[in-house]
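A quick write-up on the structure given underneath.
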Amino acid sequence: MLPTPSRESQPLLELTCGDARAVFTSTMVPTRFDVAGLSMILYPASPFEAGLLGLYLRPQEGGARPVPLLGPSSTGTTSLVGDAIVRRGHDGPCEWCVEFTFGPDGRDWRWQVEVHNRSDTTIACDLVATQDFALAPYPVVRTNEYYVSQYLDLSVINDPEFGNAVAVRQNMPGERQPWAVLGSLGRGTEWATDALQLRRRQHGRQVLDMSHLPSHRLQHEHTLAALASEE
């Protein structure tokens, strides 16, 4: 009998558009995510660690836990479908599909999420997206993530139609001060700017808790843009 392949041996999935490139593990978390020569993440994922870029489905029932849609803690399958990376999974009565695509010039990207309720009971939920932006060349990021993070500046933008969005600018010394925006095509609501705001202890280890985003600005040492999109 042949041995079952481990997560570590499963192939990576790569998507490119112009000079943009994203490489995902089999659980659809990025080991590389580069646009215009800049890394879009501080901490790359591995087959066993999800990194900090994530999507979480939040049931609005009291006490219901947020459901990760990406990473080893999620239940699903990932595939390359045309010019998109797609992950399909389920949690209880909810079946979901996540699709990642680049825009035409690679300067923007989209996470599209569809959720189907297979029960007879109405389920209200919203979605939380997180991204640990780096906006610096990959070798610089891998030399010292904290140094890169401490030069990031985050501000919240409010749009009458689309609600809140989190803008991130990199202010490291040099000619370029690149910036990015985490927004919603629905309506952005709660938000956070630092991993410290979402940290809690579970079973003796530190984890991120998406149950509540504080919606106030904190710039400590671990930049993490987080945004909820209304139900």
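We label chains A, B, ... in the order they appear in the structure tokens, count residues from 1 in each chain, and number ligands from 1 in the order shown.
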
Go through stretch 25-96 of chain A residue by residue and, counting only C-alpha atoms, keep those with an atom at most 8 Å from stretch 115-124 of chain A; for each kept residue give the shortest atom pair and its distance in Å to one decimal, ordered by chain and increasing number, as JSON lines.
{"residue": "A:Pro59", "atom": "CA", "partner": "A:Ala124", "partner_atom": "CA", "distance": 5.9}
{"residue": "A:Gln60", "atom": "CA", "partner": "A:Ala124", "partner_atom": "CA", "distance": 5.5}
{"residue": "A:Glu61", "atom": "CA", "partner": "A:Ala124", "partner_atom": "CA", "distance": 7.5}
{"residue": "A:Pro93", "atom": "CA", "partner": "A:Arg118", "partner_atom": "CA", "distance": 5.0}
{"residue": "A:Cys94", "atom": "CA", "partner": "A:Asn117", "partner_atom": "CA", "distance": 4.7}
{"residue": "A:Glu95", "atom": "CA", "partner": "A:His116", "partner_atom": "CA", "distance": 5.1}
{"residue": "A:Trp96", "atom": "CA", "partner": "A:Val115", "partner_atom": "CA", "distance": 4.3}

Find the residues around A:Pro72 up to 12 Å (only C-alpha atoms counted), leave out those fewer than 6 positions away in its own chain, and share them as a PDB file with all heavy atoms, in the first residue's frame.
ATOM      1  N   ARG A   7       0.433  16.746   4.150  1.00  0.00           N
ATOM      2  CA  ARG A   7       0.140  18.114   3.724  1.00  0.00           C
ATOM      3  C   ARG A   7       1.383  18.786   3.168  1.00  0.00           C
ATOM      4  O   ARG A   7       1.336  19.560   2.233  1.00  0.00           O
ATOM      5  CB  ARG A   7      -0.412  18.922   4.899  1.00  0.00           C
ATOM      6  CG  ARG A   7      -1.864  18.654   5.224  1.00  0.00           C
ATOM      7  CD  ARG A   7      -2.287  19.471   6.415  1.00  0.00           C
ATOM      8  NE  ARG A   7      -3.701  19.304   6.713  1.00  0.00           N
ATOM      9  CZ  ARG A   7      -4.290  19.756   7.809  1.00  0.00           C
ATOM     10  NH1 ARG A   7      -3.584  20.397   8.701  1.00  0.00           N
ATOM     11  NH2 ARG A   7      -5.573  19.569   8.008  1.00  0.00           N
ATOM     12  N   GLU A   8       2.535  18.456   3.785  1.00  0.00           N
ATOM     13  CA  GLU A   8       3.771  19.109   3.376  1.00  0.00           C
ATOM     14  C   GLU A   8       4.152  18.747   1.940  1.00  0.00           C
ATOM     15  O   GLU A   8       4.774  19.529   1.243  1.00  0.00           O
ATOM     16  CB  GLU A   8       4.891  18.712   4.341  1.00  0.00           C
ATOM     17  CG  GLU A   8       6.153  19.531   4.165  1.00  0.00           C
ATOM     18  CD  GLU A   8       7.137  19.277   5.266  1.00  0.00           C
ATOM     19  OE1 GLU A   8       7.001  18.271   5.969  1.00  0.00           O
ATOM     20  OE2 GLU A   8       8.049  20.101   5.422  1.00  0.00           O
ATOM     21  N   THR A  25      -0.805  27.413  -0.403  1.00  0.00           N
ATOM     22  CA  THR A  25      -0.740  26.023   0.045  1.00  0.00           C
ATOM     23  C   THR A  25      -2.029  25.320  -0.356  1.00  0.00           C
ATOM     24  O   THR A  25      -2.953  25.926  -0.895  1.00  0.00           O
ATOM     25  CB  THR A  25      -0.586  25.938   1.570  1.00  0.00           C
ATOM     26  OG1 THR A  25      -1.818  26.373   2.189  1.00  0.00           O
ATOM     27  CG2 THR A  25       0.556  26.801   2.069  1.00  0.00           C
ATOM     28  N   SER A  26      -2.116  24.039  -0.046  1.00  0.00           N
ATOM     29  CA  SER A  26      -3.305  23.265  -0.384  1.00  0.00           C
ATOM     30  C   SER A  26      -4.522  23.688   0.422  1.00  0.00           C
ATOM     31  O   SER A  26      -5.649  23.316   0.087  1.00  0.00           O
ATOM     32  CB  SER A  26      -3.046  21.769  -0.155  1.00  0.00           C
ATOM     33  OG  SER A  26      -2.727  21.526   1.210  1.00  0.00           O
ATOM     34  N   THR A  27      -4.325  24.492   1.489  1.00  0.00           N
ATOM     35  CA  THR A  27      -5.464  25.005   2.248  1.00  0.00           C
ATOM     36  C   THR A  27      -5.710  26.491   1.956  1.00  0.00           C
ATOM     37  O   THR A  27      -6.380  27.187   2.709  1.00  0.00           O
ATOM     38  CB  THR A  27      -5.277  24.791   3.767  1.00  0.00           C
ATOM     39  OG1 THR A  27      -4.076  25.444   4.203  1.00  0.00           O
ATOM     40  CG2 THR A  27      -5.209  23.309   4.100  1.00  0.00           C
ATOM     41  N   MET A  28      -5.151  26.973   0.861  1.00  0.00           N
ATOM     42  CA  MET A  28      -5.392  28.303   0.289  1.00  0.00           C
ATOM     43  C   MET A  28      -4.943  29.446   1.205  1.00  0.00           C
ATOM     44  O   MET A  28      -5.630  30.456   1.348  1.00  0.00           O
ATOM     45  CB  MET A  28      -6.862  28.478  -0.083  1.00  0.00           C
ATOM     46  CG  MET A  28      -7.087  29.551  -1.178  1.00  0.00           C
ATOM     47  SD  MET A  28      -8.805  29.546  -1.717  1.00  0.00           S
ATOM     48  CE  MET A  28      -8.837  30.985  -2.764  1.00  0.00           C
ATOM     49  N   VAL A  29      -3.762  29.304   1.789  1.00  0.00           N
ATOM     50  CA  VAL A  29      -3.125  30.418   2.476  1.00  0.00           C
ATOM     51  C   VAL A  29      -1.794  30.693   1.775  1.00  0.00           C
ATOM     52  O   VAL A  29      -1.120  29.767   1.331  1.00  0.00           O
ATOM     53  CB  VAL A  29      -2.929  30.135   3.979  1.00  0.00           C
ATOM     54  CG1 VAL A  29      -4.222  30.332   4.738  1.00  0.00           C
ATOM     55  CG2 VAL A  29      -2.391  28.734   4.224  1.00  0.00           C
ATOM     56  N   ALA A  45       2.624  31.669   5.062  1.00  0.00           N
ATOM     57  CA  ALA A  45       2.017  30.476   5.641  1.00  0.00           C
ATOM     58  C   ALA A  45       2.840  29.241   5.295  1.00  0.00           C
ATOM     59  O   ALA A  45       3.721  29.277   4.427  1.00  0.00           O
ATOM     60  CB  ALA A  45       0.598  30.324   5.121  1.00  0.00           C
ATOM     61  N   SER A  46       2.535  28.155   5.951  1.00  0.00           N
ATOM     62  CA  SER A  46       3.095  26.848   5.637  1.00  0.00           C
ATOM     63  C   SER A  46       1.944  25.845   5.626  1.00  0.00           C
ATOM     64  O   SER A  46       0.823  26.191   5.985  1.00  0.00           O
ATOM     65  CB  SER A  46       4.138  26.446   6.695  1.00  0.00           C
ATOM     66  OG  SER A  46       3.490  26.015   7.888  1.00  0.00           O
ATOM     67  N   PRO A  47       2.204  24.605   5.235  1.00  0.00           N
ATOM     68  CA  PRO A  47       1.113  23.621   5.272  1.00  0.00           C
ATOM     69  C   PRO A  47       0.534  23.403   6.666  1.00  0.00           C
ATOM     70  O   PRO A  47      -0.571  22.871   6.799  1.00  0.00           O
ATOM     71  CB  PRO A  47       1.782  22.341   4.748  1.00  0.00           C
ATOM     72  CG  PRO A  47       2.903  22.833   3.888  1.00  0.00           C
ATOM     73  CD  PRO A  47       3.402  24.066   4.579  1.00  0.00           C
ATOM     74  N   PHE A  48       1.270  23.822   7.708  1.00  0.00           N
ATOM     75  CA  PHE A  48       0.816  23.565   9.072  1.00  0.00           C
ATOM     76  C   PHE A  48       0.439  24.835   9.837  1.00  0.00           C
ATOM     77  O   PHE A  48      -0.213  24.770  10.869  1.00  0.00           O
ATOM     78  CB  PHE A  48       1.900  22.806   9.841  1.00  0.00           C
ATOM     79  CG  PHE A  48       2.346  21.567   9.138  1.00  0.00           C
ATOM     80  CD1 PHE A  48       3.548  21.531   8.449  1.00  0.00           C
ATOM     81  CD2 PHE A  48       1.550  20.431   9.121  1.00  0.00           C
ATOM     82  CE1 PHE A  48       3.957  20.390   7.776  1.00  0.00           C
ATOM     83  CE2 PHE A  48       1.952  19.287   8.461  1.00  0.00           C
ATOM     84  CZ  PHE A  48       3.159  19.260   7.780  1.00  0.00           C
ATOM     85  N   GLU A  49       0.869  25.990   9.363  1.00  0.00           N
ATOM     86  CA  GLU A  49       0.559  27.271   9.997  1.00  0.00           C
ATOM     87  C   GLU A  49      -0.108  28.174   8.971  1.00  0.00           C
ATOM     88  O   GLU A  49       0.396  28.333   7.858  1.00  0.00           O
ATOM     89  CB  GLU A  49       1.829  27.940  10.524  1.00  0.00           C
ATOM     90  CG  GLU A  49       2.473  27.212  11.694  1.00  0.00           C
ATOM     91  CD  GLU A  49       1.675  27.335  12.977  1.00  0.00           C
ATOM     92  OE1 GLU A  49       0.833  28.249  13.069  1.00  0.00           O
ATOM     93  OE2 GLU A  49       1.893  26.522  13.887  1.00  0.00           O
ATOM     94  N   ALA A  50      -1.228  28.777   9.369  1.00  0.00           N
ATOM     95  CA  ALA A  50      -2.038  29.510   8.400  1.00  0.00           C
ATOM     96  C   ALA A  50      -1.500  30.892   8.062  1.00  0.00           C
ATOM     97  O   ALA A  50      -1.931  31.490   7.091  1.00  0.00           O
ATOM     98  CB  ALA A  50      -3.463  29.639   8.927  1.00  0.00           C
ATOM     99  N   GLY A  51      -0.550  31.429   8.816  1.00  0.00           N
ATOM    100  CA  GLY A  51      -0.177  32.815   8.604  1.00  0.00           C
ATOM    101  C   GLY A  51      -1.287  33.718   9.110  1.00  0.00           C
ATOM    102  O   GLY A  51      -2.210  33.284   9.820  1.00  0.00           O
ATOM    103  N   GLY A  54      -6.356  35.938   6.308  1.00  0.00           N
ATOM    104  CA  GLY A  54      -7.429  34.970   6.503  1.00  0.00           C
ATOM    105  C   GLY A  54      -8.804  35.517   6.167  1.00  0.00           C
ATOM    106  O   GLY A  54      -8.997  36.732   6.002  1.00  0.00           O
ATOM    107  N   THR A  78      -8.970  22.720  -2.332  1.00  0.00           N
ATOM    108  CA  THR A  78      -8.501  23.875  -3.095  1.00  0.00           C
ATOM    109  C   THR A  78      -8.068  23.435  -4.482  1.00  0.00           C
ATOM    110  O   THR A  78      -7.466  22.375  -4.641  1.00  0.00           O
ATOM    111  CB  THR A  78      -7.316  24.543  -2.372  1.00  0.00           C
ATOM    112  OG1 THR A  78      -7.675  24.817  -1.015  1.00  0.00           O
ATOM    113  CG2 THR A  78      -6.919  25.846  -3.053  1.00  0.00           C
TER     114      THR A  78
END

TODO: as an NGL selection string, list the residues of stretch 7-228 of chain A assigned to helix (DSSP H, G or I) by DSSP on the backbone atoms of this structure.
DONE: :A and (7-9 or 138-143 or 145-150 or 195-198)

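Using only C-alpha atoms, the nearest neighbour of A:Gly174 within the list A:Pro214, A:Pro44, A:Gly76, A:Pro137 is A:Pro137.
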
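The residue that comes closest to A:Glu114, out of A:Pro66, A:Gly37, A:Gly163, A:Gly89 and on the basis of only C-alpha atoms, is A:Gly89.
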
What are the nearest atom pairs, with distances in Å to one decimal, for all residues of stretch 44-163 of chain A that come at most 9 Å from stretch 13-23 of chain A, using only C-alpha atoms, set out by chain and rising residue number as CSV?
residue,atom,partner,partner_atom,distance
A:Thr78,CA,A:Leu13,CA,8.7
A:Ser79,CA,A:Leu13,CA,7.5
A:Leu80,CA,A:Leu13,CA,6.8
A:Asp83,CA,A:Leu15,CA,7.1
A:Ala84,CA,A:Leu15,CA,7.3
A:Ile85,CA,A:Leu15,CA,7.4
A:Thr101,CA,A:Leu15,CA,8.2
A:Phe102,CA,A:Cys17,CA,6.6
A:Gly103,CA,A:Cys17,CA,7.9
A:Pro104,CA,A:Cys17,CA,7.4
A:Asp105,CA,A:Gly18,CA,6.2
A:Gly106,CA,A:Cys17,CA,5.1
A:Arg107,CA,A:Ala20,CA,7.3

Contact residues around A:Ala226 with only C-alpha atoms at 9 Å, ignoring same-chain residues under 4 positions, as a compact mmCIF listing (two decimals) with N, CA and C atoms, in the first residue's frame:
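Contents of part-v2.txt, as written:
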# COMPACT_ATOMS: atom_id res chain seq x y z
N VAL A 128 -15.21 38.37 7.94
CA VAL A 128 -14.05 39.15 8.35
C VAL A 128 -12.85 38.77 7.49
N ALA A 129 -12.17 39.77 6.94
CA ALA A 129 -10.94 39.57 6.18
C ALA A 129 -9.78 40.17 6.96
N THR A 130 -8.65 39.47 7.01
CA THR A 130 -7.46 39.98 7.68
C THR A 130 -6.28 39.88 6.71
N GLN A 131 -5.35 40.84 6.81
CA GLN A 131 -4.15 40.80 5.99
C GLN A 131 -3.03 41.55 6.70
N ASP A 132 -1.89 40.89 6.86
CA ASP A 132 -0.72 41.49 7.51
C ASP A 132 0.16 42.11 6.42
N VAL A 166 -9.78 49.97 5.38
CA VAL A 166 -8.52 50.20 6.11
C VAL A 166 -7.42 50.46 5.10
N LEU A 182 -7.66 47.77 2.20
CA LEU A 182 -8.51 46.60 2.43
C LEU A 182 -9.94 47.08 2.54
N GLU A 190 -17.02 46.79 11.21
CA GLU A 190 -16.00 46.78 12.26
C GLU A 190 -14.60 46.63 11.64
N TRP A 191 -13.59 47.07 12.40
CA TRP A 191 -12.23 47.00 11.88
C TRP A 191 -11.22 46.94 13.02
N ALA A 192 -9.98 46.58 12.68
CA ALA A 192 -8.85 46.56 13.62
C ALA A 192 -7.58 46.85 12.84
N THR A 193 -6.52 47.23 13.54
CA THR A 193 -5.28 47.62 12.88
C THR A 193 -4.04 46.90 13.42
N ASP A 194 -4.18 46.13 14.48
CA ASP A 194 -3.02 45.46 15.07
C ASP A 194 -3.44 44.10 15.64
N ALA A 195 -2.55 43.11 15.49
CA ALA A 195 -2.87 41.77 16.00
C ALA A 195 -3.09 41.76 17.51
N MET A 210 -11.62 36.51 16.19
CA MET A 210 -12.34 37.43 15.32
C MET A 210 -13.75 37.73 15.81
N LEU A 213 -14.24 42.96 16.59
CA LEU A 213 -13.21 43.90 16.13
C LEU A 213 -13.46 45.22 16.85

Task: Coordinates-based distance that separates atom CA of A:Ile41 from atom CA of A:Leu12 (Å, one decimal) - done: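 Spanning atom CA of A:Leu12 to atom CA of A:Ile41 is a straight-line distance of 17.2 Å.
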
Open item on the list: Here is a test: counting only C-alpha atoms, which residue of A:Ser184, A:Asn171, A:Gln177, A:Thr75 is nearest to A:Asn158?
Closed with: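 The closest residue to A:Asn158 is A:Ser184.
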
Open item on the list: Could you check the closest approach to A:Asn164 for each of A:Ala134, A:Ala64, A:Ala36, A:Ala225 and tell me which residue wins, using only C-alpha atoms?
Closed with: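 Under the stated criterion, the closest residue is A:Ala225.
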
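With distances restricted to only C-alpha atoms, A:Ser74 is the closest residue to A:Asp91 from A:Ser211, A:Ser74, A:Ser39, A:Thr31.
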
TODO: Could you please determine the separation between atom CA of A:Tyr56 and atom CA of A:Pro139 in Å, to one decimal place?
DONE: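 Atom CA of A:Pro139 lies at a distance of 29.4 Å from atom CA of A:Tyr56.
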
TODO: Rank nothing, just name the residue among A:Cys97, A:Leu135, A:Leu218, A:Val181 nearest to A:Phe33, using only C-alpha atoms.
DONE: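 Ranked by minimum distance to A:Phe33, first place goes to A:Leu135.
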
Open item on the list: Could you go through stretch 16-187 of chain A and tell me which residues DSSP, when run on the backbone, assigns to strand (DSSP E or B), listing them as a PyMOL selection string?
Closed with: chain A and resi 16-17+20-24+30-35+38-39+54-59+67-68+76-81+84-91+94-102+109-117+125-131+136+152-159+163-170+179-182

- [ ] Between atom CA of A:Asp209 and atom CA of A:Ser229, measure the distance and give it in Å to one decimal.
- [x] 16.4 Å
